[in-house]
$ cat final.csv   # CSV, C-alpha atoms and all ligand atoms
chain,number,residue,atom,x,y,z
A,12,MET,CA,-24.7,58.1,182.4
A,13,GLY,CA,-22.6,61.0,183.8
A,14,LYS,CA,-23.3,64.2,185.7
A,15,THR,CA,-26.7,65.4,186.6
A,16,PHE,CA,-28.0,68.9,187.3
A,17,THR,CA,-31.2,70.4,188.6
A,18,ILE,CA,-33.2,72.8,186.4
A,19,ASN,CA,-36.6,74.5,186.6
A,20,ILE,CA,-39.4,72.5,184.9
A,21,ASN,CA,-40.1,75.4,182.6
A,22,GLN,CA,-36.4,75.2,181.3
A,23,LEU,CA,-36.8,71.6,180.1
A,24,LEU,CA,-36.0,71.1,176.4
A,25,PRO,CA,-36.8,68.2,174.0
A,26,GLY,CA,-33.8,65.8,174.0
A,27,LEU,CA,-32.9,66.1,177.7
A,28,MET,CA,-33.1,62.9,179.7
A,29,LEU,CA,-34.5,62.8,183.2
A,30,ALA,CA,-32.1,61.5,185.8
A,31,GLU,CA,-34.9,61.2,188.4
A,32,ASP,CA,-38.7,60.8,188.3
A,33,LEU,CA,-40.4,64.1,187.6
A,34,ILE,CA,-42.9,64.4,190.4
A,35,ASP,CA,-45.9,66.7,190.8
A,36,CYS,CA,-45.1,68.6,194.0
A,37,LYS,CA,-48.8,69.2,194.7
A,38,THR,CA,-49.9,65.5,194.5
A,39,GLY,CA,-46.6,63.6,194.9
A,40,GLN,CA,-47.5,61.7,191.7
A,41,VAL,CA,-44.8,60.6,189.2
A,42,LEU,CA,-45.6,62.5,186.0
A,43,ILE,CA,-42.7,61.3,183.9
A,44,PRO,CA,-40.4,58.4,185.0
A,45,SER,CA,-36.6,58.8,185.2
A,46,GLU,CA,-34.5,58.0,182.0
A,47,THR,CA,-37.3,59.4,179.8
A,48,VAL,CA,-36.0,61.5,176.9
A,49,ILE,CA,-38.2,64.6,176.9
A,50,LYS,CA,-40.3,65.2,173.8
A,51,GLU,CA,-42.5,68.1,172.8
A,52,LYS,CA,-45.6,66.1,173.9
A,53,HIS,CA,-44.2,66.0,177.5
A,54,LEU,CA,-43.6,69.7,177.5
A,55,GLU,CA,-47.2,70.4,176.2
A,56,ARG,CA,-48.6,68.2,179.0
A,57,LEU,CA,-46.5,69.9,181.7
A,58,SER,CA,-47.5,73.3,180.5
A,59,HIS,CA,-51.2,72.3,180.1
A,60,PHE,CA,-51.3,71.2,183.8
A,61,HIS,CA,-49.2,74.2,184.9
A,62,VAL,CA,-46.7,71.9,186.6
A,63,SER,CA,-43.9,73.9,188.3
A,64,GLY,CA,-40.9,73.2,190.4
A,65,THR,CA,-37.6,71.6,189.6
A,66,CYS,CA,-36.4,68.3,188.0
A,67,VAL,CA,-33.1,66.5,187.6
A,68,VAL,CA,-31.7,65.8,184.2
A,69,PHE,CA,-28.5,64.2,182.8
A,70,ASP,CA,-25.7,66.4,181.5
A,71,PRO,CA,-26.5,66.5,177.8
A,72,SER,CA,-22.8,66.4,176.8
A,73,TYR,CA,-22.8,62.7,178.0
A,74,SER,CA,-25.7,61.7,175.7
A,75,VAL,CA,-24.7,60.3,172.3
A,76,LYS,CA,-27.6,62.1,170.6
A,77,GLN,CA,-26.5,65.4,172.0
A,78,GLN,CA,-22.9,64.7,171.1
A,79,GLU,CA,-24.0,64.5,167.5
A,80,THR,CA,-25.8,67.8,167.8
A,81,ILE,CA,-22.7,69.4,169.3
A,82,ILE,CA,-20.6,68.2,166.3
A,83,ASP,CA,-23.2,69.6,164.0
A,84,GLY,CA,-23.1,72.8,166.0
A,85,TYR,CA,-19.4,73.1,165.4
A,86,LYS,CA,-19.7,72.5,161.7
A,87,ASP,CA,-22.3,75.3,161.5
A,88,SER,CA,-20.7,77.5,164.1
A,89,THR,CA,-21.2,80.7,162.1
A,90,GLY,CA,-25.0,80.4,162.6
A,91,GLY,CA,-27.1,82.9,160.7
A,92,ILE,CA,-29.8,85.5,161.1
A,93,LYS,CA,-33.5,84.4,161.1
A,94,PRO,CA,-35.9,86.6,159.2
A,95,LEU,CA,-36.4,89.9,161.0
A,96,PRO,CA,-39.8,91.4,161.8
A,97,GLU,CA,-41.4,93.3,158.9
A,98,LEU,CA,-42.4,96.1,161.2
A,99,ILE,CA,-38.7,97.1,161.6
A,100,ASN,CA,-37.4,99.6,159.1
A,101,GLU,CA,-34.8,98.5,156.5
A,102,ARG,CA,-32.1,100.8,157.9
A,103,THR,CA,-32.3,99.2,161.4
A,104,LYS,CA,-32.2,95.8,159.9
A,105,ARG,CA,-29.1,96.7,157.9
A,106,VAL,CA,-27.3,98.0,161.0
A,107,TYR,CA,-28.1,94.7,162.8
A,108,LYS,CA,-26.9,92.6,159.8
A,109,GLU,CA,-23.7,94.6,159.3
A,110,THR,CA,-22.9,94.3,163.0
A,111,TYR,CA,-23.5,90.5,162.8
A,112,GLU,CA,-21.0,90.3,159.9
A,113,VAL,CA,-18.3,92.3,161.7
A,114,ILE,CA,-18.7,90.4,165.0
A,115,LYS,CA,-18.7,87.0,163.2
A,116,ASN,CA,-15.4,87.8,161.4
A,117,PHE,CA,-14.0,89.3,164.6
A,118,PHE,CA,-14.6,86.2,166.7
A,119,LYS,CA,-14.0,83.6,163.9
A,120,LYS,CA,-10.2,83.9,163.8
A,121,ASP,CA,-8.1,83.5,166.8
A,122,LYS,CA,-6.1,86.5,166.1
A,123,THR,CA,-4.5,89.5,167.7
A,124,ILE,CA,-6.7,92.6,167.6
A,125,THR,CA,-5.4,95.2,165.3
A,126,GLU,CA,-6.2,99.0,165.0
A,127,LYS,CA,-8.1,98.1,161.8
A,128,ASP,CA,-10.3,95.6,163.7
A,129,LEU,CA,-10.9,98.2,166.4
A,130,HIS,CA,-11.9,100.7,163.8
A,131,GLU,CA,-14.5,98.3,162.4
A,132,ILE,CA,-15.9,97.7,165.8
A,133,LYS,CA,-16.1,101.4,166.5
A,134,GLU,CA,-17.9,101.9,163.2
A,135,VAL,CA,-20.6,99.4,164.0
A,136,ALA,CA,-20.9,100.7,167.6
A,137,ASN,CA,-21.5,104.2,166.2
A,138,ASN,CA,-24.2,102.9,163.9
A,139,ILE,CA,-25.9,100.9,166.8
A,140,SER,CA,-25.7,104.0,169.1
A,141,GLU,CA,-27.1,106.3,166.5
A,142,GLU,CA,-30.1,103.9,166.0
A,143,ILE,CA,-30.6,103.8,169.8
A,144,VAL,CA,-30.4,107.6,170.1
A,145,ARG,CA,-33.0,107.9,167.3
A,146,ASP,CA,-35.3,105.3,168.8
A,147,PRO,CA,-34.4,103.2,172.0
A,148,TYR,CA,-37.1,100.6,171.4
A,149,VAL,CA,-36.3,99.2,167.9
A,150,LEU,CA,-33.0,97.4,168.2
A,151,PRO,CA,-33.9,95.9,171.6
A,152,GLN,CA,-36.9,94.5,169.7
A,153,ILE,CA,-34.5,92.4,167.5
A,154,ALA,CA,-32.4,91.5,170.6
A,155,VAL,CA,-35.6,90.2,172.4
A,156,LEU,CA,-36.3,87.9,169.4
A,157,LYS,CA,-32.8,86.4,169.6
A,158,ALA,CA,-32.6,86.5,165.8
A,159,ILE,CA,-29.1,85.1,165.5
A,160,ASP,CA,-28.4,81.4,165.7
A,161,ASN,CA,-25.0,81.6,167.4
A,162,TYR,CA,-24.6,82.3,171.1
A,163,THR,CA,-21.2,84.0,171.1
A,164,PHE,CA,-22.0,86.5,168.3
A,165,SER,CA,-25.6,87.1,169.3
A,166,HIS,CA,-24.6,87.6,173.0
A,167,SER,CA,-22.0,90.2,172.2
A,168,ILE,CA,-24.4,92.2,169.9
A,169,HIS,CA,-27.3,91.9,172.3
A,170,VAL,CA,-25.2,92.9,175.3
A,171,ALA,CA,-24.1,96.0,173.3
A,172,ILE,CA,-27.7,96.8,172.4
A,173,TYR,CA,-29.1,96.4,176.0
A,174,ALA,CA,-26.1,98.2,177.5
A,175,THR,CA,-26.3,101.2,175.1
A,176,THR,CA,-30.1,101.4,175.5
A,177,LEU,CA,-29.7,101.4,179.3
A,178,ALA,CA,-27.0,104.0,179.1
A,179,ARG,CA,-29.3,106.2,177.0
A,180,PHE,CA,-32.0,105.9,179.7
A,181,LEU,CA,-29.3,106.8,182.2
A,182,GLU,CA,-28.8,110.0,180.1
A,183,TYR,CA,-25.3,109.4,179.0
A,184,PRO,CA,-24.2,111.8,176.2
A,185,ALA,CA,-24.2,110.4,172.6
A,186,ALA,CA,-20.3,110.2,172.5
A,187,LYS,CA,-20.3,108.0,175.6
A,188,LEU,CA,-23.0,105.8,174.2
A,189,LYS,CA,-20.7,104.9,171.3
A,190,GLU,CA,-18.0,103.9,173.7
A,191,ILE,CA,-20.3,101.9,175.9
A,192,CYS,CA,-21.6,100.1,172.8
A,193,SER,CA,-18.0,99.2,171.8
A,194,ALA,CA,-17.4,97.9,175.3
A,195,GLY,CA,-20.5,95.8,175.0
A,196,LEU,CA,-19.4,94.3,171.6
A,197,LEU,CA,-15.9,93.6,173.1
A,198,HIS,CA,-16.9,92.6,176.7
A,199,ASP,CA,-16.3,88.8,176.2
A,200,ILE,CA,-13.3,89.2,173.9
A,201,GLY,CA,-11.2,87.4,176.5
A,202,LYS,CA,-13.1,84.2,175.7
A,203,MET,CA,-11.0,83.9,172.6
A,204,ASP,CA,-8.2,82.9,174.9
A,205,ILE,CA,-10.2,80.2,176.7
A,206,PRO,CA,-10.3,76.7,175.2
A,207,ARG,CA,-13.2,76.3,172.7
A,208,GLU,CA,-14.4,73.1,174.5
A,209,ILE,CA,-15.1,75.2,177.6
A,210,VAL,CA,-16.6,78.3,175.9
A,211,ASP,CA,-19.0,76.2,173.7
A,212,LYS,CA,-19.6,73.4,176.3
A,213,PRO,CA,-23.3,72.6,176.0
A,214,ALA,CA,-23.7,72.0,179.7
A,215,PRO,CA,-22.9,73.7,183.0
A,216,LEU,CA,-19.2,74.0,183.6
A,217,THR,CA,-17.3,71.8,186.1
A,218,ASP,CA,-15.5,73.7,189.0
A,219,LEU,CA,-12.2,73.5,187.2
A,220,GLU,CA,-13.7,74.7,183.9
A,221,PHE,CA,-15.4,77.6,185.6
A,222,LYS,CA,-12.1,78.5,187.2
A,223,ILE,CA,-10.5,78.7,183.8
A,224,MET,CA,-13.5,80.6,182.3
A,225,LYS,CA,-13.3,83.2,185.1
A,226,LYS,CA,-10.0,84.4,183.6
A,227,HIS,CA,-11.7,85.8,180.5
A,228,PRO,CA,-12.1,89.4,181.8
A,229,TRP,CA,-8.4,89.4,182.5
A,230,TYR,CA,-7.6,88.1,179.0
A,231,GLY,CA,-9.9,90.8,177.7
A,232,LEU,CA,-7.8,93.4,179.4
A,233,GLU,CA,-4.6,91.9,178.0
A,234,ARG,CA,-6.0,91.9,174.5
A,235,LEU,CA,-7.1,95.6,174.7
A,236,LYS,CA,-4.6,97.4,176.9
A,237,ASN,CA,-1.9,98.0,174.2
A,238,LEU,CA,-4.2,99.3,171.5
A,239,LYS,CA,-3.4,102.9,170.7
A,240,TYR,CA,-6.9,104.2,170.3
A,241,MET,CA,-8.6,102.2,173.0
A,242,SER,CA,-10.1,104.3,175.8
A,243,LYS,CA,-9.3,103.4,179.5
A,244,ASP,CA,-13.1,103.4,180.3
A,245,ILE,CA,-13.7,100.6,177.7
A,246,ILE,CA,-10.8,98.6,179.1
A,247,SER,CA,-12.2,99.0,182.7
A,248,ALA,CA,-15.7,98.1,181.6
A,249,VAL,CA,-14.5,94.9,179.8
A,250,SER,CA,-12.1,93.8,182.5
A,251,GLN,CA,-14.7,94.4,185.3
A,252,HIS,CA,-18.0,93.2,183.8
A,253,HIS,CA,-18.1,90.2,186.2
A,254,GLU,CA,-17.4,92.1,189.4
A,255,LYS,CA,-20.2,92.1,191.9
A,256,GLU,CA,-21.4,94.9,194.2
A,257,ASN,CA,-20.5,92.8,197.3
A,258,GLY,CA,-17.0,92.0,196.2
A,259,THR,CA,-17.6,88.3,195.3
A,260,GLY,CA,-17.2,88.7,191.6
A,261,TYR,CA,-14.1,88.1,189.4
A,262,TYR,CA,-11.3,88.5,188.6
A,263,GLN,CA,-10.4,91.4,191.0
A,264,GLY,CA,-13.1,91.1,193.7
A,265,LEU,CA,-13.9,94.8,193.5
A,266,LYS,CA,-16.7,96.2,195.5
A,267,GLY,CA,-19.5,98.9,195.0
A,268,ALA,CA,-17.9,102.2,194.0
A,269,GLU,CA,-14.6,100.5,193.1
A,270,ILE,CA,-16.3,99.1,190.0
A,271,HIS,CA,-16.4,101.2,186.9
A,272,PRO,CA,-20.0,102.5,186.2
A,273,TRP,CA,-19.8,101.2,182.6
A,274,ALA,CA,-18.9,97.7,183.9
A,275,LYS,CA,-22.1,97.9,186.1
A,276,ILE,CA,-24.1,98.7,183.0
A,277,LEU,CA,-22.5,95.8,181.1
A,278,ALA,CA,-23.2,93.4,184.0
A,279,VAL,CA,-26.9,94.2,183.9
A,280,ALA,CA,-27.1,93.7,180.1
A,281,ASP,CA,-24.9,90.5,180.4
A,282,VAL,CA,-27.0,88.8,183.0
A,283,TYR,CA,-30.2,89.7,181.3
A,284,ASP,CA,-29.1,88.4,177.9
A,285,ALA,CA,-27.6,85.2,179.3
A,286,ILE,CA,-30.8,84.1,181.1
A,287,THR,CA,-33.2,85.1,178.3
A,288,THR,CA,-31.3,83.1,175.6
A,289,ASP,CA,-31.7,79.3,174.9
A,290,ARG,CA,-28.7,77.1,175.7
A,291,VAL,CA,-28.5,73.4,174.9
A,292,TYR,CA,-28.8,72.6,178.6
A,293,ARG,CA,-31.5,75.0,179.6
A,294,LYS,CA,-34.4,76.9,178.0
A,295,ALA,CA,-34.4,80.7,177.9
A,296,LEU,CA,-36.5,82.6,180.5
A,297,LEU,CA,-39.1,84.8,179.0
A,298,PRO,CA,-38.4,88.6,179.2
A,299,HIS,CA,-40.6,89.2,182.3
A,300,GLU,CA,-39.0,86.2,184.0
A,301,GLY,CA,-35.5,87.4,183.1
A,302,ALA,CA,-36.3,91.0,184.4
A,303,GLU,CA,-37.5,89.5,187.7
A,304,ILE,CA,-34.2,87.6,188.1
A,305,VAL,CA,-32.3,90.8,187.3
A,306,MET,CA,-34.3,92.7,189.9
A,307,GLY,CA,-33.6,89.9,192.4
A,308,SER,CA,-29.8,90.3,191.7
A,309,CYS,CA,-29.7,93.8,193.2
A,310,ILE,CA,-28.8,92.2,196.5
A,311,GLY,CA,-25.1,91.9,196.3
A,312,HIS,CA,-24.6,91.4,192.6
A,313,LEU,CA,-25.9,94.2,190.4
A,314,ASP,CA,-26.1,97.9,190.9
A,315,TYR,CA,-29.6,98.8,192.2
A,316,GLU,CA,-29.9,102.2,190.4
A,317,LYS,CA,-29.0,100.7,187.0
A,318,VAL,CA,-31.4,97.7,187.5
A,319,LYS,CA,-34.2,100.1,188.5
A,320,VAL,CA,-33.8,102.1,185.3
A,321,PHE,CA,-33.4,98.9,183.2
A,322,THR,CA,-36.5,97.2,184.5
A,323,ARG,CA,-38.5,100.4,184.4
A,324,GLU,CA,-37.6,101.7,180.9
A,325,MET,CA,-36.6,98.8,178.8
A,326,SER,CA,-39.1,97.6,176.2
A,327,PHE,CA,-39.2,93.9,177.2
A,328,TYR,CA,-42.2,93.2,175.1
A,329,PRO,CA,-41.9,95.7,172.2
A,330,VAL,CA,-45.1,96.9,170.6
A,331,GLY,CA,-46.0,94.5,167.7
A,332,THR,CA,-44.4,91.4,169.3
A,333,LYS,CA,-46.4,88.3,168.7
A,334,VAL,CA,-47.0,86.4,171.9
A,335,SER,CA,-49.0,83.5,173.2
A,336,LEU,CA,-50.9,83.7,176.5
A,337,SER,CA,-51.5,81.1,179.2
A,338,THR,CA,-55.2,81.1,178.0
A,339,GLY,CA,-54.0,79.5,174.7
A,340,GLU,CA,-54.7,82.7,172.8
A,341,ILE,CA,-52.2,84.3,170.4
A,342,GLY,CA,-52.0,88.1,170.0
A,343,ARG,CA,-49.7,91.1,169.6
A,344,VAL,CA,-48.4,93.6,172.1
A,345,LEU,CA,-50.5,96.8,171.6
A,346,SER,CA,-49.1,99.2,174.2
A,347,HIS,CA,-47.7,99.4,177.8
A,348,HIS,CA,-48.5,101.1,181.0
A,349,SER,CA,-45.5,103.2,182.1
A,350,THR,CA,-45.9,101.7,185.6
A,351,SER,CA,-45.8,98.0,184.5
A,352,PRO,CA,-43.6,97.4,181.4
A,353,LEU,CA,-43.6,93.7,182.0
A,354,ARG,CA,-47.4,93.3,181.7
A,355,PRO,CA,-48.5,95.0,178.4
A,356,LEU,CA,-51.8,95.3,176.7
A,357,ILE,CA,-52.4,92.5,174.2
A,358,THR,CA,-54.7,92.7,171.2
A,359,ILE,CA,-56.2,89.4,170.0
A,360,LYS,CA,-57.9,89.2,166.6
A,361,LYS,CA,-60.3,86.3,166.0
A,362,ASP,CA,-63.1,85.9,163.4
A,363,ARG,CA,-62.9,89.7,162.6
A,364,MET,CA,-63.4,90.5,166.2
A,365,GLU,CA,-60.7,92.2,168.3
A,366,LYS,CA,-60.3,91.7,172.0
A,367,ILE,CA,-57.8,93.6,174.2
A,368,VAL,CA,-56.4,91.9,177.3
A,369,ASP,CA,-54.7,94.2,179.8
A,370,LEU,CA,-52.2,92.0,181.6
A,371,SER,CA,-51.6,94.7,184.2
A,372,LYS,CA,-55.1,94.0,185.4
A,373,LYS,CA,-55.4,90.3,184.7
A,374,HIS,CA,-52.8,88.8,187.0
A,375,THR,CA,-53.7,85.2,186.3
A,376,VAL,CA,-52.9,85.5,182.6
A,377,LEU,CA,-49.2,85.2,181.6
A,378,ILE,CA,-47.2,85.5,178.4
A,379,THR,CA,-46.0,82.0,177.7
A,380,GLN,CA,-44.1,82.4,174.4
A,381,ILE,CA,-42.8,85.0,172.0
A,382,PHE,CA,-42.6,84.5,168.3
A,383,ASN,CA,-40.6,85.9,165.4
A,401,FE,FE,-18.2,87.6,180.4
A,402,FE,FE,-21.0,88.0,178.5

$ encode --input "final.csv" --output "structure tokens"
Amino acid sequence: MGKTFTININQLLPGLMLAEDLIDCKTGQVLIPSETVIKEKHLERLSHFHVSGTCVVFDPSYSVKQQETIIDGYKDSTGGIKPLPELINERTKRVYKETYEVIKNFFKKDKTITEKDLHEIKEVANNISEEIVRDPYVLPQIAVLKAIDNYTFSHSIHVAIYATTLARFLEYPAAKLKEICSAGLLHDIGKMDIPREIVDKPAPLTDLEFKIMKKHPWYGLERLKNLKYMSKDIISAVSQHHEKENGTGYYQGLKGAEIHPWAKILAVADVYDAITTDRVYRKALLPHEGAEIVMGSCIGHLDYEKVKVFTREMSFYPVGTKVSLSTGEIGRVLSHHSTSPLRPLITIKKDRMEKIVDLSKKHTVLITQIFN
């Protein structure tokens, strides 16, 4: 049946097949036997009984059903944008949609980057940065909703949004925000030189594939270094975005102060977006879970100061976001305490009555889903 891998139970997705019995770690009881293909009903039962821990699943790329999905995925690889929240003004929606079109065209063709391409990227980066300077909470709201159905495009745009927003909270001047935004849009440009089967593989990479994938920051540097109007800071940010504080990153193995500060900003945005986005082989973490992983990555991987500002200032659950709670109730984010951005106040309307749940005081209640 092929390779297996271990994932958290809350990352299970319908269609994955269990390689081993899924066992309740509290009672030792078999909850779902091995070789079961996970369906919605299983996920509902697991969440109802708050089952946690890990489970072992087969690599979905070996399953025939998944192979068909992959082929469909290639056919429709341009994805699309889901409806955006009504609360967001038309101008911001337009900026997001225009960025999507530019990035889609940019990544679609395997081409050499020209000065004209660069000009287009700079233009959308200017628009995004202006929106973030005007209001640092609106564009992240769209990023949180993962409104684009294509990982490569959405990842580039969302990393740009998170990185520019973080840079704004770090008080970078407006002109620098535009450049950091361009760096975010371009950060994975080197993936254009990695075989498509590796970039789009709907499963964790093998050691060899990962070795090849690790070259993408270097390819990014190669693609950008000869462009006439490309700033050195952007090139450093792109080529160093996978370096780690303790020197174990790639491709240069730089350490601490050797890493360009913009690359450190991109790294925070990159890690956060990757773990909070659905992939075929694992479910996205919720914003508060993603923020906790980012905080945990301060040891050795990410820059502590940048992470501190990111987790303190970023609007992980923007006001107005529709969420469901572990109590089964559905409500909307009403406001935040500045001291606990990950546990907002939720308003729940039922039968003309309104109830407010303050998650910063109710530690047993959790956000379990966010909706468009
Ligand atoms: Fe990358
Ligand atoms: Fe990335």

$ residues_around --input "final.csv" --residues "A:Asp281" --least-positions-apart "3" --cutoff "8 Å" --atoms "only C-alpha atoms" --output "number ranges by chain"
A: 166, 170, 277-278, 284-285

$ closest_atom_pairs --input "final.csv" --of "chain A" --to "ligand FE 401 (chain A)" --cutoff "12 Å" --atoms "all atoms listed in the file" --output "Markdown table"
| residue | atom | partner | partner_atom | distance |
| --- | --- | --- | --- | --- |
| A:Thr163 | CA | A:FE401 | FE | 10.4 |
| A:His166 | CA | A:FE401 | FE | 9.8 |
| A:Ser167 | CA | A:FE401 | FE | 9.4 |
| A:Val170 | CA | A:FE401 | FE | 10.2 |
| A:Ala194 | CA | A:FE401 | FE | 11.5 |
| A:Gly195 | CA | A:FE401 | FE | 10.1 |
| A:Leu196 | CA | A:FE401 | FE | 11.1 |
| A:Leu197 | CA | A:FE401 | FE | 9.7 |
| A:His198 | CA | A:FE401 | FE | 6.4 |
| A:Asp199 | CA | A:FE401 | FE | 4.8 |
| A:Ile200 | CA | A:FE401 | FE | 8.3 |
| A:Gly201 | CA | A:FE401 | FE | 8.0 |
| A:Lys202 | CA | A:FE401 | FE | 7.7 |
| A:Met203 | CA | A:FE401 | FE | 11.2 |
| A:Ile205 | CA | A:FE401 | FE | 11.5 |
| A:Val210 | CA | A:FE401 | FE | 10.5 |
| A:Phe221 | CA | A:FE401 | FE | 11.6 |
| A:Met224 | CA | A:FE401 | FE | 8.6 |
| A:Lys225 | CA | A:FE401 | FE | 8.1 |
| A:Lys226 | CA | A:FE401 | FE | 9.4 |
| A:His227 | CA | A:FE401 | FE | 6.7 |
| A:Pro228 | CA | A:FE401 | FE | 6.5 |
| A:Trp229 | CA | A:FE401 | FE | 10.2 |
| A:Tyr230 | CA | A:FE401 | FE | 10.7 |
| A:Gly231 | CA | A:FE401 | FE | 9.3 |
| A:Leu232 | CA | A:FE401 | FE | 11.9 |
| A:Ala248 | CA | A:FE401 | FE | 10.9 |
| A:Val249 | CA | A:FE401 | FE | 8.2 |
| A:Ser250 | CA | A:FE401 | FE | 8.9 |
| A:Gln251 | CA | A:FE401 | FE | 9.1 |
| A:His252 | CA | A:FE401 | FE | 6.6 |
| A:His253 | CA | A:FE401 | FE | 6.4 |
| A:Glu254 | CA | A:FE401 | FE | 10.1 |
| A:Gly260 | CA | A:FE401 | FE | 11.3 |
| A:Tyr261 | CA | A:FE401 | FE | 9.9 |
| A:Tyr262 | CA | A:FE401 | FE | 10.8 |
| A:Ala274 | CA | A:FE401 | FE | 10.7 |
| A:Leu277 | CA | A:FE401 | FE | 9.3 |
| A:Ala278 | CA | A:FE401 | FE | 8.5 |
| A:Val279 | CA | A:FE401 | FE | 11.5 |
| A:Ala280 | CA | A:FE401 | FE | 10.8 |
| A:Asp281 | CA | A:FE401 | FE | 7.3 |
| A:Val282 | CA | A:FE401 | FE | 9.3 |
| A:Asp284 | CA | A:FE401 | FE | 11.2 |
| A:Ala285 | CA | A:FE401 | FE | 9.8 |

$ residues_around --input "final.csv" --residues "A:Gly64" --least-positions-apart "4" --cutoff "12 Å" --atoms "all atoms listed in the file" --output "MDAnalysis selection string"
chainID A and resid 17:23 33:37 57:58

$ closest_residue --input "final.csv" --among "A:Leu235, A:Thr15, A:Ser346, A:Thr379" --to "A:His299" --atoms "only C-alpha atoms"
A:Thr379

$ closest_residue --input "final.csv" --among "A:Val305, A:Val48, A:Ile246, A:Ala171" --to "ligand FE 402 (chain A)" --atoms "only C-alpha atoms and all ligand atoms"
A:Ala171

$ residues_around --input "final.csv" --residues "A:Lys239" --least-positions-apart "2" --cutoff "10 Å" --atoms "only C-alpha atoms" --output "list in words"
Thr125, Glu126, Leu129, Leu235, Lys236, Asn237, Met241 and Ser242 of chain A

$ closest_residue --input "final.csv" --among "A:Gln380, A:Gln152, A:Ser165, A:Gln40" --to "ligand FE 402 (chain A)" --atoms "only C-alpha atoms and all ligand atoms"
A:Ser165

$ residues_around --input "final.csv" --residues "stretch 354-365 of chain A" --least-positions-apart "3" --cutoff "6 Å" --atoms "only C-alpha atoms" --output "list in words"
Gly342, Arg343, Val344, Leu345, Ser346, His347, Ser351, Val368, Asp369, Leu370 and Ser371 of chain A

$ residues_around --input "final.csv" --residues "A:Val68" --least-positions-apart "2" --cutoff "10 Å" --atoms "all atoms listed in the file" --output "number ranges by chain"
A: 14-18, 23, 27-33, 45-49, 65-66, 70-71, 292

$ closest_residue --input "final.csv" --among "A:Tyr183, A:Phe118, A:Phe164, A:Trp273" --to "ligand FE 402 (chain A)" --atoms "all atoms listed in the file"
A:Phe164

$ closest_residue --input "final.csv" --among "A:Tyr315, A:Ala158, A:Asp289, A:Ser308" --to "A:Pro272" --atoms "only C-alpha atoms"
A:Tyr315

$ closest_residue --input "final.csv" --among "A:Ile381, A:Ile124, A:Ile270, A:Ala302" --to "A:Val318" --atoms "all atoms listed in the file"
A:Ala302

$ atom_distance --input "final.csv" --atom1 "atom FE of ligand FE 402 (chain A)" --atom2 "atom CA of A:Glu256"
17.2 Å

$ atom_distance --input "final.csv" --atom1 "atom CA of A:Gly91" --atom2 "atom CA of A:Lys115"
9.7 Å

$ atom_distance --input "final.csv" --atom1 "atom CA of A:Glu269" --atom2 "atom CA of A:Tyr173"
22.8 Å

$ axis_aligned_box --input "final.csv" --around "stretch 289-296 of chain A" --padding-each-side "8 Å" --output "AutoDock Vina command-line options"
--center_x -32.5 --center_y 77.6 --center_z 177.7 --size_x 24.0 --size_y 26.0 --size_z 21.6
